[in-house]
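Engineer: Structure file structure16.csv (CSV, C-alpha atoms) right here:
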```
chain,number,residue,atom,x,y,z
A,164,MET,CA,25.6,-30.4,-25.9
A,165,VAL,CA,22.7,-28.1,-26.4
A,166,ILE,CA,23.1,-24.3,-26.0
A,167,LYS,CA,20.4,-22.9,-23.8
A,168,VAL,CA,19.3,-19.3,-24.4
A,169,LEU,CA,17.0,-17.6,-21.9
A,170,ALA,CA,15.5,-14.4,-23.1
A,171,PHE,CA,13.4,-11.8,-21.1
A,172,ALA,CA,11.1,-9.5,-23.0
A,173,GLY,CA,10.8,-6.7,-20.5
A,174,SER,CA,8.4,-4.4,-22.2
A,175,PRO,CA,4.8,-4.1,-21.2
A,176,ARG,CA,3.9,-3.5,-24.8
A,177,ARG,CA,3.5,-6.6,-26.9
A,178,GLY,CA,5.2,-6.6,-30.3
A,179,GLY,CA,6.8,-3.2,-29.6
A,180,ASN,CA,10.3,-2.1,-30.7
A,181,SER,CA,12.4,-3.8,-28.0
A,182,GLU,CA,10.5,-7.1,-28.4
A,183,THR,CA,10.8,-7.0,-32.2
A,184,LEU,CA,14.6,-6.5,-31.8
A,185,LEU,CA,14.6,-9.5,-29.4
A,186,ASP,CA,12.5,-11.6,-31.8
A,187,TRP,CA,14.9,-10.9,-34.7
A,188,MET,CA,17.8,-12.1,-32.6
A,189,LEU,CA,15.9,-15.2,-31.2
A,190,ASP,CA,14.7,-16.2,-34.7
A,191,ALA,CA,18.3,-16.2,-35.9
A,192,MET,CA,19.4,-18.2,-32.9
A,193,ARG,CA,16.6,-20.8,-33.4
A,194,ASN,CA,17.8,-21.4,-36.9
A,195,GLU,CA,21.2,-22.6,-35.6
A,196,SER,CA,21.7,-26.3,-34.7
A,197,ASN,CA,21.7,-27.4,-31.1
A,198,VAL,CA,20.3,-24.1,-29.8
A,199,VAL,CA,17.2,-24.1,-27.5
A,200,VAL,CA,15.6,-20.7,-27.0
A,201,GLU,CA,13.1,-19.8,-24.3
A,202,LYS,CA,11.5,-16.5,-24.2
A,203,ILE,CA,9.8,-15.1,-21.1
A,204,LEU,CA,7.5,-12.1,-21.1
A,205,LEU,CA,8.0,-10.2,-17.9
A,206,ILE,CA,4.4,-8.9,-17.9
A,207,GLU,CA,3.2,-12.5,-17.6
A,208,ALA,CA,6.1,-13.7,-15.3
A,209,ASN,CA,4.5,-12.7,-12.0
A,210,ILE,CA,7.7,-11.2,-10.5
A,211,ASN,CA,7.0,-9.0,-7.5
A,212,PRO,CA,9.5,-6.3,-6.5
A,213,CYS,CA,12.2,-7.0,-4.0
A,214,MET,CA,11.0,-6.3,-0.5
A,215,GLY,CA,14.5,-5.3,0.8
A,216,CYS,CA,14.1,-7.6,3.7
A,217,ASN,CA,17.7,-9.0,3.3
A,218,MET,CA,16.5,-12.4,4.4
A,219,CYS,CA,18.3,-13.9,1.4
A,220,GLU,CA,21.5,-13.0,3.1
A,221,LYS,CA,20.7,-15.7,5.7
A,222,LEU,CA,18.3,-18.1,3.9
A,223,ASN,CA,20.1,-18.2,0.5
A,224,LYS,CA,16.7,-17.9,-1.1
A,225,CYS,CA,14.0,-15.4,-1.4
A,226,VAL,CA,11.1,-15.3,1.1
A,227,GLN,CA,8.7,-14.5,-1.7
A,228,ARG,CA,7.0,-17.3,-3.6
A,229,ASP,CA,6.2,-16.2,-7.1
A,230,GLY,CA,7.3,-16.6,-10.7
A,231,MET,CA,10.8,-15.9,-9.7
A,232,ASP,CA,11.0,-19.4,-8.2
A,233,ILE,CA,11.1,-21.0,-11.7
A,234,ILE,CA,13.1,-18.2,-13.3
A,235,HIS,CA,15.8,-18.4,-10.6
A,236,ASP,CA,16.6,-22.0,-11.8
A,237,LYS,CA,16.3,-21.1,-15.5
A,238,ILE,CA,18.9,-18.3,-15.0
A,239,ILE,CA,21.3,-20.8,-13.5
A,240,GLU,CA,20.8,-23.3,-16.3
A,241,ALA,CA,21.1,-20.9,-19.2
A,242,ASP,CA,24.3,-20.5,-21.3
A,243,CYS,CA,23.1,-17.2,-22.7
A,244,ILE,CA,20.8,-14.7,-20.9
A,245,ILE,CA,19.2,-11.9,-22.9
A,246,LEU,CA,17.4,-9.0,-21.3
A,247,ALA,CA,15.4,-6.8,-23.6
A,248,ALA,CA,13.9,-3.7,-22.2
A,249,PRO,CA,12.7,-0.3,-23.5
A,250,ILE,CA,13.9,2.9,-21.9
A,251,PHE,CA,11.1,4.8,-20.0
A,252,CYS,CA,12.0,8.1,-18.3
A,253,MET,CA,15.7,7.5,-18.8
A,254,GLY,CA,15.8,4.1,-17.2
A,255,VAL,CA,14.7,0.5,-17.9
A,256,CYS,CA,11.0,0.0,-17.6
A,257,SER,CA,9.9,-0.9,-14.0
A,258,GLN,CA,9.1,-4.5,-15.1
A,259,ALA,CA,12.7,-5.1,-16.0
A,260,LYS,CA,13.9,-3.3,-12.8
A,261,ALA,CA,11.8,-5.7,-10.7
A,262,LEU,CA,13.6,-8.6,-12.3
A,263,ILE,CA,17.0,-6.9,-11.8
A,264,ASP,CA,16.2,-6.2,-8.1
A,265,ARG,CA,15.0,-9.7,-7.5
A,266,ALA,CA,18.5,-11.0,-8.6
A,267,GLN,CA,19.5,-9.8,-5.1
A,268,VAL,CA,19.3,-13.5,-4.0
A,269,PHE,CA,22.2,-14.2,-6.3
A,270,ARG,CA,24.1,-11.2,-4.9
A,271,SER,CA,23.7,-12.5,-1.4
A,272,ARG,CA,24.8,-15.9,-2.4
A,273,LYS,CA,27.9,-14.6,-4.2
A,274,TYR,CA,29.0,-11.8,-1.9
A,275,VAL,CA,27.6,-12.5,1.5
A,276,LEU,CA,27.3,-16.3,1.8
A,277,LYS,CA,30.2,-16.7,-0.7
A,278,LEU,CA,28.6,-19.7,-2.4
A,279,PRO,CA,28.8,-20.6,-6.1
A,280,ILE,CA,26.1,-19.3,-8.5
A,281,ILE,CA,27.0,-21.9,-11.2
A,282,PRO,CA,29.2,-25.0,-11.1
A,283,PRO,CA,32.9,-24.2,-11.5
A,284,GLU,CA,33.1,-25.9,-14.9
A,285,ARG,CA,30.6,-23.4,-16.4
A,286,LYS,CA,32.4,-20.3,-15.1
A,287,GLY,CA,33.4,-17.9,-17.8
A,288,LYS,CA,31.3,-19.8,-20.4
A,289,ARG,CA,28.1,-17.8,-20.1
A,290,LEU,CA,27.2,-14.8,-22.2
A,291,GLY,CA,24.8,-11.9,-21.6
A,292,VAL,CA,23.0,-9.7,-24.0
A,293,PHE,CA,21.2,-6.4,-23.3
A,294,LEU,CA,18.9,-5.2,-26.0
A,295,SER,CA,17.2,-1.9,-25.6
A,296,THR,CA,15.2,0.7,-27.5
A,297,ALA,CA,14.4,4.3,-26.7
A,298,GLY,CA,12.2,6.9,-28.2
A,299,GLN,CA,14.6,9.8,-27.6
A,300,LYS,CA,17.4,10.3,-30.0
A,301,TRP,CA,19.9,11.5,-27.3
A,302,ASP,CA,23.1,9.4,-27.5
A,303,TYR,CA,23.2,9.2,-23.7
A,304,VAL,CA,19.6,7.9,-23.3
A,305,PHE,CA,20.9,4.4,-22.3
A,306,ASP,CA,23.6,5.6,-19.9
A,307,ALA,CA,21.5,5.3,-16.7
A,308,ALA,CA,20.2,1.8,-17.6
A,309,ILE,CA,23.6,0.2,-18.2
A,310,PRO,CA,25.0,0.1,-14.6
A,311,SER,CA,21.9,-1.8,-13.4
A,312,VAL,CA,22.2,-4.2,-16.3
A,313,LYS,CA,25.9,-4.8,-15.4
A,314,CYS,CA,24.8,-5.4,-11.8
A,315,PHE,CA,22.3,-8.0,-12.9
A,316,PHE,CA,24.8,-9.9,-15.1
A,317,ASN,CA,27.5,-9.6,-12.5
A,318,VAL,CA,25.5,-11.3,-9.8
A,319,ILE,CA,24.2,-14.1,-12.1
A,320,GLU,CA,27.8,-14.8,-13.0
A,321,VAL,CA,28.2,-13.3,-16.5
A,322,LYS,CA,31.4,-11.3,-16.6
A,323,GLU,CA,31.4,-7.7,-17.7
A,324,ARG,CA,33.4,-8.4,-20.8
A,325,ASP,CA,30.9,-11.1,-21.8
A,326,ILE,CA,28.0,-8.7,-22.0
A,327,HIS,CA,26.9,-7.7,-25.5
A,328,TYR,CA,24.9,-4.6,-26.1
A,329,LEU,CA,22.5,-3.7,-28.9
A,330,MET,CA,20.7,-0.4,-28.2
A,331,ILE,CA,18.7,1.5,-30.7
A,332,ASN,CA,17.6,5.0,-30.0
A,333,GLY,CA,15.2,7.3,-31.9
A,334,VAL,CA,12.5,4.5,-32.2
A,335,ASP,CA,9.4,5.7,-30.5
A,336,GLU,CA,6.1,4.6,-32.1
A,337,ARG,CA,5.2,0.9,-32.4
A,338,GLY,CA,7.0,-0.5,-35.5
A,339,ALA,CA,9.5,2.4,-35.8
A,340,ILE,CA,12.3,-0.1,-35.6
A,341,LEU,CA,11.1,-1.8,-38.8
A,342,SER,CA,12.4,1.2,-40.7
A,343,HIS,CA,15.6,1.6,-38.8
A,344,PRO,CA,18.5,1.3,-41.3
A,345,THR,CA,20.6,-1.3,-39.4
A,346,ALA,CA,18.7,-2.7,-36.4
A,347,TYR,CA,17.5,-5.9,-38.2
A,348,GLN,CA,21.0,-6.8,-39.6
A,349,ASP,CA,22.6,-5.8,-36.3
A,350,ALA,CA,20.3,-8.3,-34.4
A,351,LYS,CA,21.0,-11.1,-36.9
A,352,ASN,CA,24.8,-10.5,-36.7
A,353,LEU,CA,24.8,-10.4,-32.9
A,354,ALA,CA,22.8,-13.7,-32.8
A,355,ARG,CA,25.4,-15.3,-35.0
A,356,GLU,CA,28.3,-13.9,-33.1
A,357,VAL,CA,26.9,-14.9,-29.7
A,358,VAL,CA,26.1,-18.5,-30.8
A,359,SER,CA,29.5,-19.0,-32.4
A,360,ASN,CA,31.2,-17.6,-29.3
A,361,LEU,CA,29.2,-19.9,-27.1
A,362,ARG,CA,30.1,-22.9,-29.3
A,363,THR,CA,33.8,-22.1,-28.8
A,364,ARG,CA,33.4,-21.8,-25.1
A,365,ILE,CA,31.4,-24.9,-24.6
A,366,GLY,CA,33.7,-26.8,-27.0
A,367,GLN,CA,31.3,-27.8,-29.8
B,918,MET,CA,-0.6,30.1,3.0
B,919,LYS,CA,1.4,27.2,4.5
B,920,VAL,CA,3.9,25.4,2.3
B,921,LEU,CA,2.8,21.9,1.4
B,922,VAL,CA,5.5,19.2,1.4
B,923,LEU,CA,4.9,15.7,0.1
B,924,GLY,CA,7.4,12.9,0.8
B,925,ILE,CA,7.2,9.8,-1.2
B,926,SER,CA,8.9,6.8,0.3
B,927,GLY,CA,9.9,4.4,-2.5
B,928,SER,CA,11.6,1.8,-0.2
B,929,PRO,CA,9.9,-1.5,0.3
B,930,HIS,CA,11.7,-1.6,3.7
B,931,ARG,CA,9.7,0.2,6.4
B,932,HIS,CA,11.6,2.7,8.6
B,933,GLY,CA,14.9,1.8,7.0
B,934,ASN,CA,17.8,4.2,6.2
B,935,THR,CA,16.1,6.0,3.3
B,936,GLU,CA,12.7,6.4,5.0
B,937,MET,CA,14.5,7.7,8.2
B,938,LEU,CA,16.4,10.2,6.0
B,939,LEU,CA,13.1,11.3,4.4
B,940,ASP,CA,11.5,11.6,7.9
B,941,SER,CA,14.3,13.8,9.1
B,942,PHE,CA,13.8,16.1,6.0
B,943,LEU,CA,10.0,16.2,6.7
B,944,SER,CA,10.7,17.1,10.4
B,945,GLY,CA,12.8,20.0,9.2
B,946,ALA,CA,10.1,21.2,7.0
B,947,GLU,CA,7.5,20.8,9.7
B,948,ASN,CA,9.7,22.7,12.1
B,949,GLN,CA,9.5,25.5,9.6
B,950,GLU,CA,5.7,25.2,9.8
B,951,ALA,CA,5.1,23.5,6.5
B,952,LEU,CA,2.2,21.0,6.2
B,953,ILE,CA,3.8,17.7,5.6
B,954,GLU,CA,2.5,14.5,4.2
B,955,LYS,CA,4.2,11.1,3.6
B,956,VAL,CA,3.1,8.4,1.2
B,957,VAL,CA,4.7,5.0,1.5
B,958,LEU,CA,4.5,3.3,-1.9
B,959,ARG,CA,4.6,-0.1,-0.4
B,960,ASP,CA,1.1,0.6,1.1
B,961,LEU,CA,-0.4,1.6,-2.3
B,962,ASN,CA,-1.9,-0.6,-5.0
B,963,TYR,CA,-0.8,0.3,-8.4
B,964,SER,CA,0.3,-1.3,-11.6
B,965,PRO,CA,3.2,-0.3,-13.9
B,966,CYS,CA,2.8,1.7,-17.1
B,967,LYS,CA,1.4,-0.6,-19.9
B,968,ALA,CA,2.9,1.6,-22.6
B,969,CYS,CA,-0.5,1.5,-24.4
B,970,ASN,CA,-0.1,5.1,-25.4
B,971,ALA,CA,-3.8,5.9,-24.8
B,972,CYS,CA,-2.7,8.9,-22.9
B,973,HIS,CA,-1.0,10.3,-26.0
B,974,LYS,CA,-4.6,10.7,-27.4
B,975,THR,CA,-6.5,11.5,-24.2
B,976,GLY,CA,-4.0,12.9,-21.7
B,977,GLU,CA,-5.4,10.5,-19.2
B,978,CYS,CA,-4.2,7.1,-17.9
B,979,ILE,CA,-6.5,4.2,-18.6
B,980,VAL,CA,-5.4,2.6,-15.4
B,981,ASN,CA,-7.5,3.4,-12.3
B,982,ASP,CA,-5.6,2.8,-9.1
B,983,ASP,CA,-4.0,4.5,-6.2
B,984,LEU,CA,-1.6,6.5,-8.4
B,985,ASN,CA,-4.5,8.7,-9.6
B,986,MET,CA,-4.8,10.0,-6.1
B,987,LEU,CA,-1.0,10.2,-5.7
B,988,PHE,CA,-0.5,12.3,-8.9
B,989,ASN,CA,-3.3,14.6,-7.8
B,990,ARG,CA,-1.4,15.2,-4.6
B,991,ILE,CA,1.9,15.7,-6.4
B,992,LEU,CA,0.4,18.3,-8.6
B,993,ASN,CA,-1.0,20.2,-5.7
B,994,VAL,CA,2.0,20.5,-3.4
B,995,ASP,CA,4.8,23.1,-3.2
B,996,CYS,CA,7.6,20.7,-2.4
B,997,LEU,CA,8.1,17.1,-3.5
B,998,ALA,CA,10.7,14.8,-1.8
B,999,VAL,CA,11.1,11.5,-3.7
B,1000,ALA,CA,13.0,8.9,-1.7
B,1001,SER,CA,14.4,5.6,-2.8
B,1002,PRO,CA,17.3,3.4,-1.8
B,1003,ILE,CA,19.7,2.2,-4.5
B,1004,TYR,CA,19.1,-1.4,-5.5
B,1005,SER,CA,21.4,-2.8,-8.2
B,1006,MET,CA,22.7,0.6,-9.1
B,1007,GLY,CA,19.3,2.2,-9.6
B,1008,ILE,CA,16.1,3.3,-7.8
B,1009,THR,CA,13.7,0.6,-6.7
B,1010,ALA,CA,11.2,-0.9,-9.0
B,1011,GLU,CA,8.4,0.5,-6.8
B,1012,LEU,CA,9.5,4.1,-7.5
B,1013,LYS,CA,10.3,3.4,-11.1
B,1014,GLY,CA,6.7,2.1,-11.4
B,1015,VAL,CA,5.4,5.5,-10.3
B,1016,ILE,CA,7.7,7.5,-12.5
B,1017,ASP,CA,6.8,5.5,-15.6
B,1018,ARG,CA,3.2,6.3,-15.0
B,1019,ALA,CA,4.0,10.0,-15.3
B,1020,GLN,CA,3.9,9.4,-19.0
B,1021,TYR,CA,0.4,10.9,-19.2
B,1022,LEU,CA,1.8,14.2,-18.0
B,1023,TRP,CA,4.6,14.0,-20.6
B,1024,ALA,CA,1.9,13.4,-23.2
B,1025,LYS,CA,-0.1,16.4,-22.0
B,1026,LYS,CA,3.0,18.6,-22.2
B,1027,PHE,CA,4.6,17.5,-25.4
B,1028,ILE,CA,1.9,15.8,-27.5
B,1029,LEU,CA,-1.4,17.4,-26.6
B,1030,LYS,CA,0.1,20.6,-25.3
B,1031,THR,CA,-2.7,20.9,-22.7
B,1032,LEU,CA,-0.2,21.2,-19.8
B,1033,TYR,CA,2.3,24.0,-19.4
B,1034,PHE,CA,4.3,25.0,-16.3
B,1035,THR,CA,5.4,28.6,-16.3
B,1036,ASN,CA,8.9,29.5,-15.2
B,1037,ASN,CA,7.5,31.1,-12.1
B,1038,HIS,CA,5.6,27.9,-11.3
B,1039,ILE,CA,8.7,25.8,-11.7
B,1040,ARG,CA,10.8,28.2,-9.5
B,1041,LYS,CA,8.2,28.0,-6.7
B,1042,HIS,CA,7.9,24.2,-6.8
B,1043,LYS,CA,11.0,22.5,-5.4
B,1044,GLY,CA,11.8,18.8,-5.9
B,1045,LEU,CA,14.4,16.8,-3.8
B,1046,PHE,CA,15.8,13.4,-4.3
B,1047,ILE,CA,16.5,11.5,-1.1
B,1048,SER,CA,18.5,8.3,-1.2
B,1049,THR,CA,20.9,5.9,0.6
B,1050,ALA,CA,23.1,3.2,-0.8
B,1051,GLY,CA,25.1,0.4,0.9
B,1052,LEU,CA,28.0,0.7,-1.4
B,1053,SER,CA,30.7,3.4,-0.9
B,1054,TRP,CA,31.2,4.2,-4.6
B,1055,ASP,CA,30.8,7.9,-5.4
B,1056,HIS,CA,28.9,7.1,-8.6
B,1057,VAL,CA,26.4,4.8,-7.0
B,1058,PHE,CA,23.6,7.4,-7.3
B,1059,ASP,CA,24.4,8.4,-10.9
B,1060,THR,CA,21.7,6.4,-12.7
B,1061,ALA,CA,19.0,7.8,-10.4
B,1062,PHE,CA,19.7,11.5,-11.3
B,1063,PRO,CA,18.5,11.4,-15.0
B,1064,ILE,CA,15.4,9.5,-14.0
B,1065,ILE,CA,14.5,11.9,-11.2
B,1066,THR,CA,15.2,14.8,-13.5
B,1067,ALA,CA,12.7,13.4,-16.0
B,1068,PHE,CA,10.1,13.0,-13.2
B,1069,PHE,CA,10.5,16.5,-11.9
B,1070,ASN,CA,10.3,17.9,-15.5
B,1071,ALA,CA,7.1,16.0,-16.0
B,1072,THR,CA,5.5,17.1,-12.7
B,1073,GLY,CA,6.6,20.8,-12.9
B,1074,PHE,CA,9.2,20.9,-10.1
B,1075,GLU,CA,12.6,22.5,-10.1
B,1076,TYR,CA,15.2,19.8,-9.2
B,1077,TYR,CA,16.3,21.7,-6.0
B,1078,ASP,CA,18.8,19.3,-4.4
B,1079,ASN,CA,19.8,15.8,-3.4
B,1080,ILE,CA,20.0,14.4,0.1
B,1081,ILE,CA,22.1,11.3,-0.4
B,1082,ALA,CA,24.2,9.1,1.8
B,1083,ASN,CA,26.3,6.2,0.5
B,1084,ASP,CA,28.4,3.7,2.4
B,1085,MET,CA,25.6,2.6,4.6
B,1086,ASP,CA,27.0,-0.9,4.9
B,1087,ARG,CA,30.1,0.5,6.5
B,1088,TYR,CA,28.3,2.9,8.8
B,1089,GLY,CA,25.8,0.1,9.9
B,1090,GLY,CA,22.8,2.3,9.2
B,1091,ILE,CA,21.9,6.0,8.8
B,1092,GLN,CA,21.8,6.7,12.5
B,1093,GLU,CA,25.5,5.9,12.7
B,1094,HIS,CA,26.3,8.4,9.8
B,1095,PRO,CA,27.9,11.5,11.3
B,1096,THR,CA,25.9,14.2,9.4
B,1097,ALA,CA,23.2,12.7,7.1
B,1098,LEU,CA,20.1,13.0,9.4
B,1099,LYS,CA,21.1,16.5,10.6
B,1100,ASP,CA,21.7,17.6,7.0
B,1101,ALA,CA,18.4,16.3,5.9
B,1102,PHE,CA,16.6,18.2,8.7
B,1103,SER,CA,18.4,21.5,7.8
B,1104,LYS,CA,17.6,20.9,4.1
B,1105,GLY,CA,13.9,20.7,5.1
B,1106,VAL,CA,14.1,24.0,6.9
B,1107,GLU,CA,16.0,25.6,4.1
B,1108,VAL,CA,13.7,24.6,1.2
B,1109,VAL,CA,10.5,25.6,3.0
B,1110,ARG,CA,12.1,29.1,3.7
B,1111,ALA,CA,13.1,29.3,0.1
B,1112,ILE,CA,9.6,28.5,-1.1
B,1113,GLU,CA,8.0,30.9,1.4
B,1114,LYS,CA,10.2,33.7,0.0
B,1115,LEU,CA,9.4,32.9,-3.6
B,1116,LYS,CA,5.7,32.7,-2.9
B,1117,ARG,CA,5.9,36.2,-1.4
B,1118,ASP,CA,8.1,37.6,-4.2
B,1119,LEU,CA,6.7,36.0,-7.3
```
Represent the structure of the file as structure tokens.

Structural biologist:
Amino acid sequence: MVIKVLAFAGSPRRGGNSETLLDWMLDAMRNESNVVVEKILLIEANINPCMGCNMCEKLNKCVQRDGMDIIHDKIIEADCIILAAPIFCMGVCSQAKALIDRAQVFRSRKYVLKLPIIPPERKGKRLGVFLSTAGQKWDYVFDAAIPSVKCFFNVIEVKERDIHYLMINGVDERGAILSHPTAYQDAKNLAREVVSNLRTRIGQ
Amino acid sequence: MKVLVLGISGSPHRHGNTEMLLDSFLSGAENQEALIEKVVLRDLNYSPCKACNACHKTGECIVNDDLNMLFNRILNVDCLAVASPIYSMGITAELKGVIDRAQYLWAKKFILKTLYFTNNHIRKHKGLFISTAGLSWDHVFDTAFPIITAFFNATGFEYYDNIIANDMDRYGGIQEHPTALKDAFSKGVEVVRAIEKLKRDL
């Protein structure tokens, strides 16, 4: 069985630090057998913000017709979902927050309509990864982003203990991550760990 | 000189809990004879920050849209009330879109050093965060505070107070909350009085 990896590059800047971190991880994953990787750039994904209309609590779908229609299905199909986003003003960039807020349809399905997000046989077999970079060196610079990330993974049926984090602070200018002492190796190691973990879960 | 109060409603949901709380705050301010103004982000056209960093060289944003007008308003009022409901443990993408665009002010302050707010300016300019959340958790607003702090720092406002009410799902809306709307009104009166006094004294 093929392992499906769905990755979101949340940054508005192409080839910046968070996307580089993501690409390192995805390159390592692509080198593994039976792994299919899809990368989606949120700046090209046409995801409007959530309108807060709460219609998904009744309709079990969003009233908006946009890029989220396709992404909704891809999120369900994936075995591993990676969200990469830089920290702007102490939070994830607004492009990533729009994706997180639009996961409201999954929240309504799970908690209001009490319908399954994924088939029962796939429960507990999915993994999530949050990759992030921040210009500031403060060690608490990622703190405000994490609860929203947990929310996102929770509603799309990735358990809290199955979320992996790789967050690199103190990388500001484009390319700063290239001279970070451990980021490259950390990304490679995380890719290997996640794929091997998924193989065990799926039974390869 | 009348006190100018700007309320920014970051909810996509018109006249919902958060906007009603903001309205109550603005009524309190108006009651104290402030000039009030409300901007609803849903009605504006703007794009998120592109992280192109052009503002690090020029101090200006290369994007030309409704936020240029909004930032001009923000920088010319005495009191700024920023309102957003909590979605997925954070402020809405709409409000985050505005806050990320304040990067040009950060660049002016810290890179180009062409913008400086004196201590007296900051003391006379008060910022408030207004929010509601469906969940009852006490920590449901925690991720918003550092983001709002960063925004008030960039725009030269003292972070004066929060007007927040959680557990909306249980109350069935802000109007059923025992104190929130009244507290917001009183806070509007209180902050305008405080600014009036500082404008006289400083």

Engineer: What are the closest atom pairs, with distances in Å to one decimal, for each residue of chain B lying within 7 Å of chain A, using only C-alpha atoms, rows by chain and rising residue number, as CSV?

Structural biologist:
```
residue,atom,partner,partner_atom,distance
B:Pro929,CA,A:Met214,CA,5.0
B:His930,CA,A:Gly215,CA,5.5
B:Pro965,CA,A:Ser257,CA,6.7
B:Lys967,CA,A:Pro175,CA,5.0
B:Ala968,CA,A:Arg176,CA,5.6
B:Cys969,CA,A:Arg176,CA,6.7
B:Tyr1004,CA,A:Asp264,CA,6.2
B:Ser1005,CA,A:Ser311,CA,5.3
B:Met1006,CA,A:Ser311,CA,5.0
B:Gly1007,CA,A:Ser311,CA,6.1
B:Ala1010,CA,A:Ala261,CA,5.1
B:Glu1011,CA,A:Pro212,CA,6.9
B:Lys1013,CA,A:Ser257,CA,5.2
B:Gly1014,CA,A:Ser257,CA,5.1
B:Asp1017,CA,A:Phe251,CA,6.2
B:Thr1060,CA,A:Ala307,CA,4.2
B:Pro1063,CA,A:Met253,CA,6.1
B:Ile1064,CA,A:Met253,CA,5.2
B:Ala1067,CA,A:Cys252,CA,5.8
```

Engineer: Residues at most 12 Å from range 195-202 of chain A, counting all atoms listed in the file, excluding those fewer than 5 positions away in the same chain, as a ChimeraX atom specification?

Structural biologist: /A:164-173,182,185-186,188-190,207-208,234,237-238,240-247,351,354-359,361-362,365,367

Engineer: How would the residues just chosen look if you wrote them out with C-alpha atoms as a CSV table (one decimal), in the frame of the given file?

Structural biologist:
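Below is the file that was written, selection.csv:
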```
chain,number,residue,atom,x,y,z
A,164,MET,CA,25.6,-30.4,-25.9
A,165,VAL,CA,22.7,-28.1,-26.4
A,166,ILE,CA,23.1,-24.3,-26.0
A,167,LYS,CA,20.4,-22.9,-23.8
A,168,VAL,CA,19.3,-19.3,-24.4
A,169,LEU,CA,17.0,-17.6,-21.9
A,170,ALA,CA,15.5,-14.4,-23.1
A,171,PHE,CA,13.4,-11.8,-21.1
A,172,ALA,CA,11.1,-9.5,-23.0
A,173,GLY,CA,10.8,-6.7,-20.5
A,182,GLU,CA,10.5,-7.1,-28.4
A,185,LEU,CA,14.6,-9.5,-29.4
A,186,ASP,CA,12.5,-11.6,-31.8
A,188,MET,CA,17.8,-12.1,-32.6
A,189,LEU,CA,15.9,-15.2,-31.2
A,190,ASP,CA,14.7,-16.2,-34.7
A,207,GLU,CA,3.2,-12.5,-17.6
A,208,ALA,CA,6.1,-13.7,-15.3
A,234,ILE,CA,13.1,-18.2,-13.3
A,237,LYS,CA,16.3,-21.1,-15.5
A,238,ILE,CA,18.9,-18.3,-15.0
A,240,GLU,CA,20.8,-23.3,-16.3
A,241,ALA,CA,21.1,-20.9,-19.2
A,242,ASP,CA,24.3,-20.5,-21.3
A,243,CYS,CA,23.1,-17.2,-22.7
A,244,ILE,CA,20.8,-14.7,-20.9
A,245,ILE,CA,19.2,-11.9,-22.9
A,246,LEU,CA,17.4,-9.0,-21.3
A,247,ALA,CA,15.4,-6.8,-23.6
A,351,LYS,CA,21.0,-11.1,-36.9
A,354,ALA,CA,22.8,-13.7,-32.8
A,355,ARG,CA,25.4,-15.3,-35.0
A,356,GLU,CA,28.3,-13.9,-33.1
A,357,VAL,CA,26.9,-14.9,-29.7
A,358,VAL,CA,26.1,-18.5,-30.8
A,359,SER,CA,29.5,-19.0,-32.4
A,361,LEU,CA,29.2,-19.9,-27.1
A,362,ARG,CA,30.1,-22.9,-29.3
A,365,ILE,CA,31.4,-24.9,-24.6
A,367,GLN,CA,31.3,-27.8,-29.8
```

Engineer: Which residue is closest to Arg1040 in chain B? Choose from B:Cys996, B:Leu923, B:Leu1098, B:Met937 and count only C-alpha atoms.

Structural biologist: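 That would be B:Cys996, the residue with the smallest distance to Arg1040 in chain B.
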